[in-house]
$ cat run-v2.txt   # compact mmCIF, C-alpha atoms
# COMPACT_ATOMS: atom_id res chain seq x y z
CA MET A 12 99.60 7.24 103.39
CA THR A 13 101.73 5.04 101.14
CA HIS A 14 104.30 6.98 99.13
CA LEU A 15 106.81 5.36 96.79
CA ALA A 16 109.44 6.99 94.58
CA VAL A 17 110.88 5.27 91.50
CA PRO A 18 113.02 6.39 88.55
CA GLU A 19 111.78 6.46 84.96
CA TRP A 20 110.98 2.90 83.84
CA GLY A 21 111.23 1.83 87.48
CA ARG A 22 108.92 -0.63 89.20
CA ALA A 23 106.71 0.08 92.22
CA PRO A 24 105.74 -3.16 94.01
CA VAL A 25 102.11 -4.12 94.57
CA GLY A 26 101.73 -6.27 97.65
CA PRO A 27 102.95 -6.33 101.26
CA GLN A 28 106.03 -4.18 100.49
CA GLY A 29 104.25 -1.64 98.32
CA PHE A 30 100.83 -0.46 97.20
CA SER A 31 97.70 -2.45 97.89
CA VAL A 32 95.73 -3.73 94.92
CA ALA A 33 93.08 -1.04 95.47
CA GLN A 34 95.72 1.69 95.61
CA ALA A 35 97.37 0.42 92.42
CA GLU A 36 94.02 0.45 90.63
CA ALA A 37 93.35 3.99 91.84
CA LEU A 38 96.73 5.19 90.56
CA VAL A 39 96.13 3.62 87.16
CA ALA A 40 92.70 5.27 87.08
CA ALA A 41 94.33 8.65 87.78
CA ALA A 42 96.79 8.02 84.95
CA ARG A 43 93.90 7.34 82.57
CA GLY A 44 92.58 10.84 83.21
CA HIS A 45 95.80 12.57 82.12
CA PRO A 46 96.49 13.60 78.50
CA LEU A 47 99.86 11.86 78.64
CA GLY A 48 98.37 8.61 79.93
CA GLY A 49 96.30 7.50 76.96
CA ALA A 50 93.02 5.61 77.15
CA ASP A 51 94.41 2.97 79.51
CA GLY A 52 96.95 5.12 81.38
CA SER A 53 99.87 3.08 80.04
CA GLY A 54 101.62 6.22 78.81
CA ILE A 55 102.36 6.95 82.48
CA VAL A 56 102.24 3.61 84.30
CA SER A 57 101.43 0.07 83.24
CA ASP A 58 99.87 -2.45 85.59
CA HIS A 59 101.72 -5.79 85.74
CA ARG A 60 99.69 -7.20 88.65
CA HIS A 61 102.63 -7.52 91.08
CA TYR A 62 104.12 -4.14 90.21
CA LEU A 63 103.41 -0.85 88.46
CA GLN A 64 106.00 0.14 85.87
CA ALA A 65 106.65 3.81 85.25
CA ARG A 66 107.22 5.20 81.78
CA GLN A 67 109.34 8.12 80.55
CA MET A 68 107.40 10.65 82.59
CA VAL A 69 108.42 12.50 85.72
CA GLY A 70 106.28 13.98 88.46
CA VAL A 71 103.67 12.76 90.93
CA LEU A 72 100.66 10.50 90.50
CA ALA A 73 98.38 10.44 93.55
CA ALA A 74 95.14 8.81 94.66
CA PRO A 75 93.40 8.56 98.06
CA GLY A 76 95.90 7.21 100.59
CA CYS A 77 98.80 6.76 98.15
CA SER A 78 101.14 8.53 95.75
CA LEU A 79 103.75 7.48 93.23
CA GLU A 80 106.63 9.83 92.47
CA ILE A 81 108.54 9.29 89.22
CA LEU A 82 111.98 10.89 89.08
CA PRO A 83 114.47 11.29 86.19
CA LYS A 84 116.86 8.45 85.52
CA VAL A 85 120.03 10.43 84.92
CA ASP A 86 122.57 7.63 85.11
CA PRO A 87 121.34 4.32 83.63
CA ASP A 88 124.26 2.44 85.20
CA ALA A 89 123.50 3.59 88.74
CA PRO A 90 121.19 1.02 90.38
CA HIS A 91 120.21 3.29 93.29
CA GLU A 92 120.48 7.05 92.92
CA ASP A 93 120.02 9.36 95.89
CA MET A 94 116.34 10.36 95.65
CA PRO A 95 116.63 13.79 97.37
CA THR A 96 119.47 14.72 95.00
CA VAL A 97 117.52 13.58 91.94
CA ARG A 98 114.43 15.42 93.19
CA ARG A 99 116.53 18.58 93.55
CA ARG A 100 117.71 18.20 89.94
CA LEU A 101 114.14 17.79 88.75
CA VAL A 102 112.96 20.92 90.54
CA ALA A 103 115.88 22.85 89.03
CA LEU A 104 114.92 21.60 85.55
CA LEU A 105 111.30 22.63 86.06
CA ASP A 106 112.39 26.02 87.31
CA LEU A 107 114.58 26.58 84.25
CA ALA A 108 112.28 25.08 81.61
CA LEU A 109 109.06 26.72 82.82
CA GLY A 110 110.46 30.04 84.05
CA LEU A 111 109.07 29.61 87.58
CA ASP A 112 111.83 31.57 89.37
CA ILE A 113 111.73 29.27 92.39
CA GLY A 114 115.45 28.71 92.97
CA ALA A 115 115.76 29.95 96.56
CA GLY A 116 112.28 28.76 97.48
CA ALA A 117 113.04 25.27 96.23
CA ALA A 118 116.09 24.98 98.44
CA THR A 119 114.05 26.10 101.44
CA ALA A 120 111.19 23.70 100.74
CA MET A 121 113.49 20.73 100.26
CA GLY A 122 115.50 21.61 103.35
CA TRP A 123 112.24 21.76 105.26
CA GLY A 124 111.65 18.15 104.20
CA ALA A 125 108.76 18.10 101.74
CA GLY A 126 107.86 14.52 100.99
CA ASN A 127 107.45 14.63 97.23
CA LEU A 128 107.56 16.92 94.21
CA LEU A 129 103.92 18.00 94.50
CA GLU A 130 104.32 18.88 98.19
CA ILE A 131 107.51 20.81 97.37
CA LEU A 132 105.77 22.90 94.72
CA ILE A 133 102.76 23.55 96.95
CA ARG A 134 105.05 24.73 99.77
CA ILE A 135 106.99 26.99 97.38
CA PHE A 136 103.74 28.47 96.10
CA ALA A 137 102.42 29.11 99.61
CA ASP A 138 105.67 30.68 100.82
CA ARG A 139 105.98 32.99 97.82
CA LEU A 140 102.33 34.00 97.78
CA LEU A 141 102.48 34.89 101.48
CA VAL A 142 105.54 37.09 100.87
CA GLU A 143 103.81 38.90 98.00
CA THR A 144 100.55 39.45 99.90
CA ARG A 145 102.49 40.96 102.80
CA ARG A 146 104.02 43.43 100.36
CA GLY A 147 100.51 44.48 99.38
CA LEU A 148 97.77 43.21 97.11
CA PRO A 149 97.47 44.69 93.63
CA ARG A 150 94.44 46.98 93.31
CA ARG A 151 92.64 48.70 90.48
CA TYR A 152 89.62 50.90 90.00
CA LEU A 153 86.73 48.73 88.91
CA PRO A 154 83.31 49.97 87.65
CA HIS A 155 80.43 49.51 90.10
CA GLU A 156 76.69 50.17 90.02
CA ASP A 157 74.60 50.56 93.14
CA ASP A 158 71.47 52.28 94.49
CA LEU A 159 72.61 54.75 97.13
CA SER A 160 71.00 57.41 99.33
CA ALA A 161 73.50 60.03 98.15
CA LEU A 162 74.98 60.63 94.71
CA ARG A 163 78.34 59.01 94.06
CA GLY A 164 79.98 59.18 90.67
CA ARG A 165 77.44 59.52 87.86
CA LEU A 166 73.68 59.20 88.02
CA ASP A 167 72.06 56.48 85.88
CA VAL A 168 69.29 58.69 84.55
CA THR A 169 67.43 55.94 82.69
CA ARG A 170 67.25 53.72 85.76
CA GLN A 171 66.31 56.69 87.95
CA PHE A 172 63.15 57.47 85.93
CA THR A 173 62.13 53.83 85.43
CA HIS A 174 62.96 51.68 88.43
CA HIS A 175 63.08 54.52 90.96
CA ALA A 176 60.43 56.85 89.62
CA VAL A 177 58.54 56.62 92.92
CA ARG A 178 61.68 56.32 95.10
CA PRO A 179 63.40 59.71 95.08
CA ASP A 180 65.39 58.61 98.16
CA ARG A 181 67.30 56.04 96.08
CA LEU A 182 69.85 57.19 93.50
CA PRO A 183 71.21 54.66 90.97
CA CYS A 184 74.93 55.49 90.75
CA ARG A 185 77.75 54.43 88.52
CA TYR A 186 81.23 54.89 89.99
CA ASP A 187 84.73 53.42 90.09
CA GLN A 188 85.94 51.76 93.29
CA LEU A 189 89.46 50.70 94.21
CA SER A 190 89.38 46.92 94.59
CA SER A 191 91.61 43.85 94.86
CA ASP A 192 88.99 41.55 93.42
CA LEU A 193 91.02 41.13 90.21
CA PRO A 194 91.39 38.12 87.88
CA LEU A 195 95.00 37.65 89.07
CA LEU A 196 93.98 37.33 92.72
CA GLN A 197 90.94 35.22 91.82
CA VAL A 198 93.38 32.72 90.29
CA MET A 199 95.56 32.89 93.39
CA LYS A 200 92.64 32.28 95.75
CA ALA A 201 91.37 29.36 93.68
CA ALA A 202 94.86 27.88 93.75
CA VAL A 203 95.03 28.26 97.53
CA LEU A 204 91.71 26.47 98.00
CA ALA A 205 92.58 23.66 95.58
CA LEU A 206 96.06 23.09 96.99
CA ARG A 207 94.74 23.12 100.56
CA ARG A 208 92.76 19.99 99.69
CA LEU A 209 95.89 18.34 98.25
CA SER A 210 98.55 19.21 100.82
CA ARG A 211 99.26 16.66 103.54
CA ALA A 212 101.94 18.65 105.41
CA PRO A 213 100.59 20.43 108.53
CA ASP A 214 102.96 23.42 108.16
CA THR A 215 101.91 23.95 104.54
CA GLN A 216 98.23 23.59 105.45
CA ARG A 217 98.63 26.35 108.06
CA LEU A 218 100.22 28.64 105.46
CA LEU A 219 97.37 28.01 103.04
CA ASP A 220 94.79 28.66 105.74
CA GLU A 221 96.47 32.01 106.47
CA LEU A 222 96.40 32.85 102.77
CA ARG A 223 92.72 31.99 102.56
CA PHE A 224 92.08 34.53 105.32
CA VAL A 225 94.26 37.18 103.60
CA LEU A 226 92.32 36.69 100.34
CA ALA A 227 88.89 36.60 101.98
CA GLY A 228 87.76 39.68 100.08
CA VAL A 229 88.48 38.09 96.67
CA SER A 230 85.67 36.28 94.87
CA ASP A 231 85.54 32.48 94.92
CA ILE A 232 85.72 31.24 91.31
CA PRO A 233 85.52 27.53 90.38
CA LEU A 234 88.63 26.08 88.75
CA SER A 235 86.69 25.41 85.57
CA SER A 236 85.71 29.10 85.27
CA LEU A 237 88.91 30.89 86.24
CA PRO A 238 89.62 34.02 84.15
CA TRP A 239 93.05 32.95 82.87
CA ASP A 240 92.77 35.03 79.70
CA ARG A 241 91.81 38.16 81.62
CA VAL A 242 94.91 38.17 83.81
CA SER A 243 97.08 41.08 82.73
CA ILE A 244 100.74 41.18 83.73
CA ASP A 245 102.23 44.67 83.34
CA ARG A 246 104.75 46.91 85.05
CA THR A 247 102.44 47.41 88.04
CA ASN A 248 102.30 43.70 88.95
CA ARG A 249 105.42 42.30 87.25
CA ARG A 250 106.57 40.75 90.53
CA TRP A 251 103.58 38.39 90.36
CA GLU A 252 104.48 37.00 86.91
CA SER A 253 106.44 33.89 87.93
CA LEU A 254 103.99 33.22 90.78
CA PHE A 255 101.15 33.29 88.25
CA ALA A 256 103.13 30.79 86.12
CA LEU A 257 103.45 28.50 89.14
CA ALA A 258 99.71 28.76 89.90
CA ARG A 259 98.98 28.00 86.25
CA LEU A 260 101.19 24.91 86.46
CA LEU A 261 99.49 23.63 89.60
CA VAL A 262 95.83 24.28 88.87
CA ARG A 263 95.32 24.50 85.14
CA ARG A 264 95.79 21.77 82.52
CA ASP A 265 99.16 20.65 83.88
CA TRP A 266 97.28 19.56 87.00
CA GLN A 267 94.65 16.93 86.30
CA SER A 268 91.97 15.92 88.78
CA THR A 269 90.02 12.84 87.79
CA SER A 270 87.57 10.43 89.33
CA ALA A 271 89.45 7.38 90.56
CA SER A 272 87.54 4.17 90.01
CA ALA A 273 88.86 2.52 93.12
CA GLY A 274 87.80 4.15 96.35
CA GLY A 275 85.56 6.78 94.75
CA GLY A 276 87.98 9.60 95.53
CA GLU A 277 90.07 11.86 93.38
CA GLY A 278 93.31 11.14 91.58
CA VAL A 279 95.91 13.81 90.94
CA ALA A 280 98.59 13.78 88.26
CA LEU A 281 101.32 16.42 88.00
CA LEU A 282 103.45 14.96 85.23
CA PHE A 283 105.90 16.00 82.55
CA ALA A 284 107.30 14.19 79.53
CA MET A 285 111.03 14.05 80.20
CA ASN A 286 111.86 14.55 76.51
CA ASP A 287 109.95 17.84 76.49
CA LEU A 288 111.46 18.97 79.79
CA PHE A 289 115.01 18.29 78.59
CA GLU A 290 114.35 20.17 75.34
CA ALA A 291 112.87 23.21 77.12
CA ALA A 292 115.76 23.33 79.61
CA VAL A 293 118.36 23.18 76.83
CA ALA A 294 116.56 25.95 74.92
CA ALA A 295 116.47 28.14 78.05
CA LEU A 296 120.19 27.61 78.71
CA LEU A 297 121.05 28.42 75.10
CA ARG A 298 119.03 31.66 75.28
CA GLN A 299 120.98 32.67 78.36
CA ASP A 300 124.32 31.80 76.80
CA LEU A 301 123.67 33.38 73.39
CA ALA A 302 122.00 36.57 74.65
CA GLY A 303 123.54 39.55 72.84
CA SER A 304 125.40 37.38 70.33
CA GLY A 305 123.06 38.10 67.41
CA ILE A 306 121.86 34.48 67.38
CA ASP A 307 118.20 33.83 68.17
CA VAL A 308 117.11 30.57 69.81
CA VAL A 309 113.77 29.31 68.48
CA ALA A 310 112.16 26.28 70.14
CA GLN A 311 109.64 24.17 68.20
CA GLY A 312 109.86 26.56 65.25
CA GLY A 313 110.54 26.24 61.54
CA LEU A 314 107.28 24.48 60.66
CA ARG A 315 108.33 23.81 57.06
CA TYR A 316 106.58 21.04 55.13
CA CYS A 317 108.38 18.14 53.50
CA LEU A 318 106.16 17.53 50.48
CA GLY A 319 103.87 19.35 48.11
CA ASP A 320 102.41 18.95 44.63
CA TRP A 321 104.84 18.18 41.83
CA ARG A 322 105.19 21.10 39.41
CA GLY A 323 107.73 19.87 36.93
CA ASP A 324 110.67 22.28 36.74
CA GLU A 325 109.09 24.77 39.14
CA ASP A 326 109.92 24.89 42.83
CA CYS A 327 107.51 22.91 44.97
CA THR A 328 105.50 24.50 47.78
CA GLY A 329 105.12 22.04 50.65
CA HIS A 330 101.86 21.46 52.47
CA LEU A 331 102.21 17.89 53.75
CA PHE A 332 104.28 16.37 56.60
CA GLN A 333 105.13 19.46 58.63
CA THR A 334 108.45 19.49 60.49
CA ARG A 335 109.09 21.02 63.89
CA PRO A 336 112.79 20.95 64.85
CA ASP A 337 113.40 21.09 68.58
CA ILE A 338 115.74 24.10 68.51
CA LEU A 339 116.75 26.40 65.64
CA LEU A 340 119.65 28.84 65.93
CA ARG A 341 119.06 31.82 63.64
CA ARG A 342 121.22 34.76 62.65
CA ASP A 343 119.52 37.56 60.70
CA GLY A 344 116.62 35.23 59.91
CA GLU A 345 118.87 32.51 58.49
CA VAL A 346 119.05 29.10 60.18
CA VAL A 347 122.71 28.52 61.07
CA ALA A 348 122.32 25.40 63.22
CA ILE A 349 119.69 22.89 64.31
CA VAL A 350 119.74 21.05 67.65
CA ASP A 351 117.50 18.06 68.30
CA THR A 352 117.39 16.81 71.90
CA LYS A 353 117.02 13.16 72.89
CA TRP A 354 116.45 12.11 76.49
CA LYS A 355 118.17 8.75 76.23
CA SER A 356 121.65 7.37 76.66
CA LEU A 357 124.22 6.96 73.94
CA SER A 358 126.07 3.68 73.72
CA GLY A 359 129.30 3.55 75.69
CA ASP A 360 130.63 0.64 73.61
CA PRO A 361 133.84 1.83 71.88
CA LEU A 362 133.19 -0.66 69.07
CA ASP A 363 129.73 0.76 68.31
CA ARG A 364 130.41 3.23 65.51
CA ARG A 365 126.79 4.42 65.55
CA LYS A 366 126.92 5.09 69.31
CA GLY A 367 123.38 3.79 69.67
CA VAL A 368 121.85 6.57 67.55
CA GLY A 369 118.49 5.60 66.05
CA GLN A 370 118.31 5.42 62.27
CA ALA A 371 115.04 7.36 62.25
CA ASP A 372 116.79 10.20 64.12
CA VAL A 373 119.46 10.38 61.43
CA TYR A 374 116.85 10.45 58.66
CA GLN A 375 115.11 13.27 60.50
CA MET A 376 118.28 15.36 60.72
CA MET A 377 119.01 14.80 57.02
CA ALA A 378 115.52 16.08 56.20
CA TYR A 379 116.12 19.16 58.37
CA ALA A 380 119.41 19.86 56.59
CA ARG A 381 117.64 19.79 53.22
CA LEU A 382 114.49 21.71 54.18
CA TYR A 383 116.19 24.47 56.18
CA ARG A 384 119.34 24.59 54.02
CA CYS A 385 121.45 24.20 57.12
CA ASP A 386 124.75 22.32 57.27
CA ARG A 387 125.36 22.40 61.04
CA LEU A 388 123.30 19.87 62.97
CA MET A 389 123.47 18.33 66.44
CA LEU A 390 121.81 15.44 68.20
CA LEU A 391 122.10 16.28 71.90
CA TYR A 392 121.87 13.66 74.65
CA PRO A 393 122.18 13.78 78.45
CA ALA A 394 125.62 12.93 79.80
CA ARG A 395 126.30 10.81 82.83
CA PRO A 396 126.70 12.81 86.05
CA GLY A 397 130.09 14.47 86.37
CA SER A 398 131.10 14.07 82.72
CA GLY A 399 130.36 17.67 81.65
CA GLY A 400 129.58 18.48 78.03
CA ALA A 401 131.44 16.81 75.20
CA VAL A 402 131.36 15.94 71.52
CA VAL A 403 130.96 12.18 71.26
CA ARG A 404 131.42 11.97 67.50
CA GLU A 405 131.17 14.03 64.33
CA PHE A 406 129.65 12.69 61.12
CA GLY A 407 129.59 14.07 57.60
CA MET A 408 126.70 13.36 55.24
CA ASP A 409 127.48 11.39 52.10
CA GLY A 410 127.89 13.59 49.05
CA GLY A 411 127.68 16.86 50.99
CA ARG A 412 129.37 19.13 53.52
CA GLU A 413 126.80 18.85 56.30
CA LEU A 414 128.19 18.25 59.78
CA LEU A 415 126.18 16.12 62.23
CA VAL A 416 127.50 16.32 65.79
CA LEU A 417 126.63 13.85 68.54
CA GLY A 418 126.85 15.87 71.75
CA GLN A 419 126.25 15.27 75.42
CA VAL A 420 125.53 17.71 78.23
CA ASP A 421 125.52 16.97 81.95
CA MET A 422 122.27 18.26 83.50
CA SER A 423 122.86 16.60 86.87
CA GLY A 424 125.02 19.30 88.44
CA SER A 425 124.66 23.06 88.57
CA LEU A 426 122.92 24.82 85.73
CA ASP A 427 125.95 27.08 85.31
CA ASP A 428 128.06 24.01 84.54
CA ALA A 429 125.42 22.77 82.08
CA ARG A 430 125.35 26.17 80.38
CA THR A 431 129.14 26.17 80.11
CA GLY A 432 129.08 22.70 78.57
CA LEU A 433 126.43 23.73 76.05
CA SER A 434 128.35 26.89 75.20
CA GLY A 435 131.41 24.85 74.26
CA LEU A 436 129.36 22.43 72.16
CA VAL A 437 127.61 25.17 70.20
CA ALA A 438 130.78 27.24 69.73
CA GLY A 439 132.57 24.18 68.38
CA MET A 440 129.73 23.40 66.00
CA LEU A 441 129.50 26.95 64.67
CA SER A 442 133.24 27.67 64.48
CA PRO A 443 133.65 26.28 60.93
CA LEU A 444 131.16 28.92 59.78
CA ALA A 445 133.63 31.66 60.54
CA THR A 446 136.20 30.33 58.08
$ encode --input "run-v2.txt" --output "structure tokens"
Amino acid sequence: MTHLAVPEWGRAPVGPQGFSVAQAEALVAAARGHPLGGADGSGIVSDHRHYLQARQMVGVLAAPGCSLEILPKVDPDAPHEDMPTVRRRLVALLDLALGLDIGAGAATAMGWGAGNLLEILIRIFADRLLVETRRGLPRRYLPHEDDLSALRGRLDVTRQFTHHAVRPDRLPCRYDQLSSDLPLLQVMKAAVLALRRLSRAPDTQRLLDELRFVLAGVSDIPLSSLPWDRVSIDRTNRRWESLFALARLLVRRDWQSTSASAGGGEGVALLFAMNDLFEAAVAALLRQDLAGSGIDVVAQGGLRYCLGDWRGDEDCTGHLFQTRPDILLRRDGEVVAIVDTKWKSLSGDPLDRRKGVGQADVYQMMAYARLYRCDRLMLLYPARPGSGGAVVREFGMDGGRELLVLGQVDMSGSLDDARTGLSGLVAGMLSPLAT
């Protein structure tokens, strides 16, 4: 099994020191089957004959006999970052952004020595599912129909006088029976079976085999037919909520299984756009920090349109070019601040007055200020490890009072430190509103 780990935009060699040509072709084929990969897979990796170059995705791309792990590039100036440390940061980001509640389990899995992100998540899933099953499987009364020798529940009179008119010894009964064959556990069993085929770690395989035995009484449902929409999370099974989210991540659309052209096997892609992951993590941290403050955090909201039909002196109603700001901060329904996240590095050149900010990003923020009538705006970037959260520069818009802040937050350390850094940035941006 050939496994290589590279950072975003990193290169994985093809040749004696890396993947074979057949393995590289199989990985590219797996990338082509993923929504993020595009028709040729170049959205995830591009084939340059002597190397595969990763894009701005993170996660695992696997094919028979090989896997490529793409990890976040937190510090662009660091030529060789410690892979286990970066992997730990990525798992923490996934936990925060997707609400998986895997903090303690992640530490255990990584201490146990899981070889890549996919193996880590499979081990976490197996450990947590085993704990929950030992606490007891959820059960509910489900309706059943059966022909019995003695009456149970209610008699199906119609069936009795049609199908069993000459069989008085058989009674068609309708009754409720306590069962664990529920949509939630059907999803869990399907996940166990699918992940057992993917896992390469003997210890994890043994855990999954034990779980398959524990769930033997649950129906086998194909992945394509799983009852996702019929899973109900309520007060009786609330402890399964984050485990269901993890199963959904591993075996639904986030997990893609495709036919690999080289080798005739299957390719697996568990991948995330780093821009989206950074945005979701920032939104989650802001919700934690601003809880109880009267400010609501809305991710990917707003949805106002830029343009509509011209009506002379009347106000225009937009219906073209819809906007979707990354994060809106609202108080009593009014937008008080807009945060747009960018997973890229600002310029460290003290002579660069623009700090490397893209002109299109500035135009976008100016449009947000106008459409949402908001004069507090922030472009938020990742900071280099150890630098905390800081305001890089403040701009004012020509002819107005809008404030555009360039901020940075360090996501490489503890999430508490990142939340503290964000808290200072947002408080500083909103403080002029109090005067």
$ residues_around --input "run-v2.txt" --residues "Ser304 in chain A" --least-positions-apart "3" --cutoff "12 Å" --atoms "only C-alpha atoms" --output "mmCIF file with C-alpha atoms, keeping the file's coordinate frame"
data_model
loop_
_atom_site.group_PDB
_atom_site.id
_atom_site.type_symbol
_atom_site.label_atom_id
_atom_site.label_comp_id
_atom_site.auth_asym_id
_atom_site.auth_seq_id
_atom_site.Cartn_x
_atom_site.Cartn_y
_atom_site.Cartn_z
ATOM 1 C CA LEU A 297 121.050 28.420 75.100
ATOM 2 C CA ARG A 298 119.030 31.660 75.280
ATOM 3 C CA GLN A 299 120.980 32.670 78.360
ATOM 4 C CA ASP A 300 124.320 31.800 76.800
ATOM 5 C CA LEU A 301 123.670 33.380 73.390
ATOM 6 C CA ASP A 307 118.200 33.830 68.170
ATOM 7 C CA VAL A 308 117.110 30.570 69.810
ATOM 8 C CA LEU A 340 119.650 28.840 65.930
ATOM 9 C CA ARG A 341 119.060 31.820 63.640
ATOM 10 C CA ARG A 342 121.220 34.760 62.650
ATOM 11 C CA ASP A 343 119.520 37.560 60.700
ATOM 12 C CA SER A 434 128.350 26.890 75.200
ATOM 13 C CA ALA A 438 130.780 27.240 69.730
#
$ atom_distance --input "run-v2.txt" --atom1 "CA of Thr334 in chain A" --atom2 "CA of Cys317 in chain A"
7.1 Å
$ residues_around --input "run-v2.txt" --residues "range 214-216 of chain A" --least-positions-apart "5" --cutoff "9 Å" --atoms "only C-alpha atoms" --output "number ranges by chain"
A: 130, 133-134, 137-138, 206-208, 221
$ closest_residue --input "run-v2.txt" --among "A:His330, A:Arg163, A:His14, A:Lys353" --to "Arg211 in chain A" --atoms "only C-alpha atoms"
A:His14
$ residues_around --input "run-v2.txt" --residues "range 69-75 of chain A" --least-positions-apart "6" --cutoff "9 Å" --atoms "all atoms listed in the file" --output "PyMOL selection string"
chain A and resi 12+14+16+18-19+34-35+37-42+55+81-83+101+127-129+271+274-285
$ atom_distance --input "run-v2.txt" --atom1 "CA of Leu196 in chain A" --atom2 "CA of Pro238 in chain A"
10.2 Å
$ residues_around --input "run-v2.txt" --residues "Gly228 in chain A" --least-positions-apart "5" --cutoff "10 Å" --atoms "only C-alpha atoms" --output "PyMOL selection string"
chain A and resi 190-192+196-197+200+223
$ atom_distance --input "run-v2.txt" --atom1 "CA of Met440 in chain A" --atom2 "CA of Leu109 in chain A"
26.9 Å
$ axis_aligned_box --input "run-v2.txt" --around "range 58-76 of chain A" --padding-each-side "5 Å" --output "AutoDock Vina command-line options"
--center_x 101.4 --center_y 3.2 --center_z 90.6 --size_x 25.9 --size_y 31.5 --size_z 30.0
$ residues_around --input "run-v2.txt" --residues "Leu195 in chain A" --least-positions-apart "4" --cutoff "12 Å" --atoms "only C-alpha atoms" --output "PyMOL selection string"
chain A and resi 140+148-151+191+199-202+226+229-230+232+237-245+248-249+251-252+254-256+258-259
$ closest_residue --input "run-v2.txt" --among "A:Pro336, A:Gly400, A:Asp386, A:Leu417" --to "Gly369 in chain A" --atoms "all atoms listed in the file"
A:Leu417
$ closest_residue --input "run-v2.txt" --among "A:Tyr62, A:Trp20, A:Phe406, A:Tyr383" --to "Val368 in chain A" --atoms "all atoms listed in the file"
A:Phe406
$ closest_residue --input "run-v2.txt" --among "A:Leu441, A:Ile349, A:Met422, A:Ala302" --to "Arg99 in chain A" --atoms "only C-alpha atoms"
A:Met422
$ closest_residue --input "run-v2.txt" --among "A:Leu257, A:Tyr379, A:Arg98, A:His175" --to "Val203 in chain A" --atoms "all atoms listed in the file"
A:Leu257
$ closest_residue --input "run-v2.txt" --among "A:Lys355, A:Gly397, A:Gly313, A:Thr431" --to "Ala380 in chain A" --atoms "only C-alpha atoms"
A:Gly313
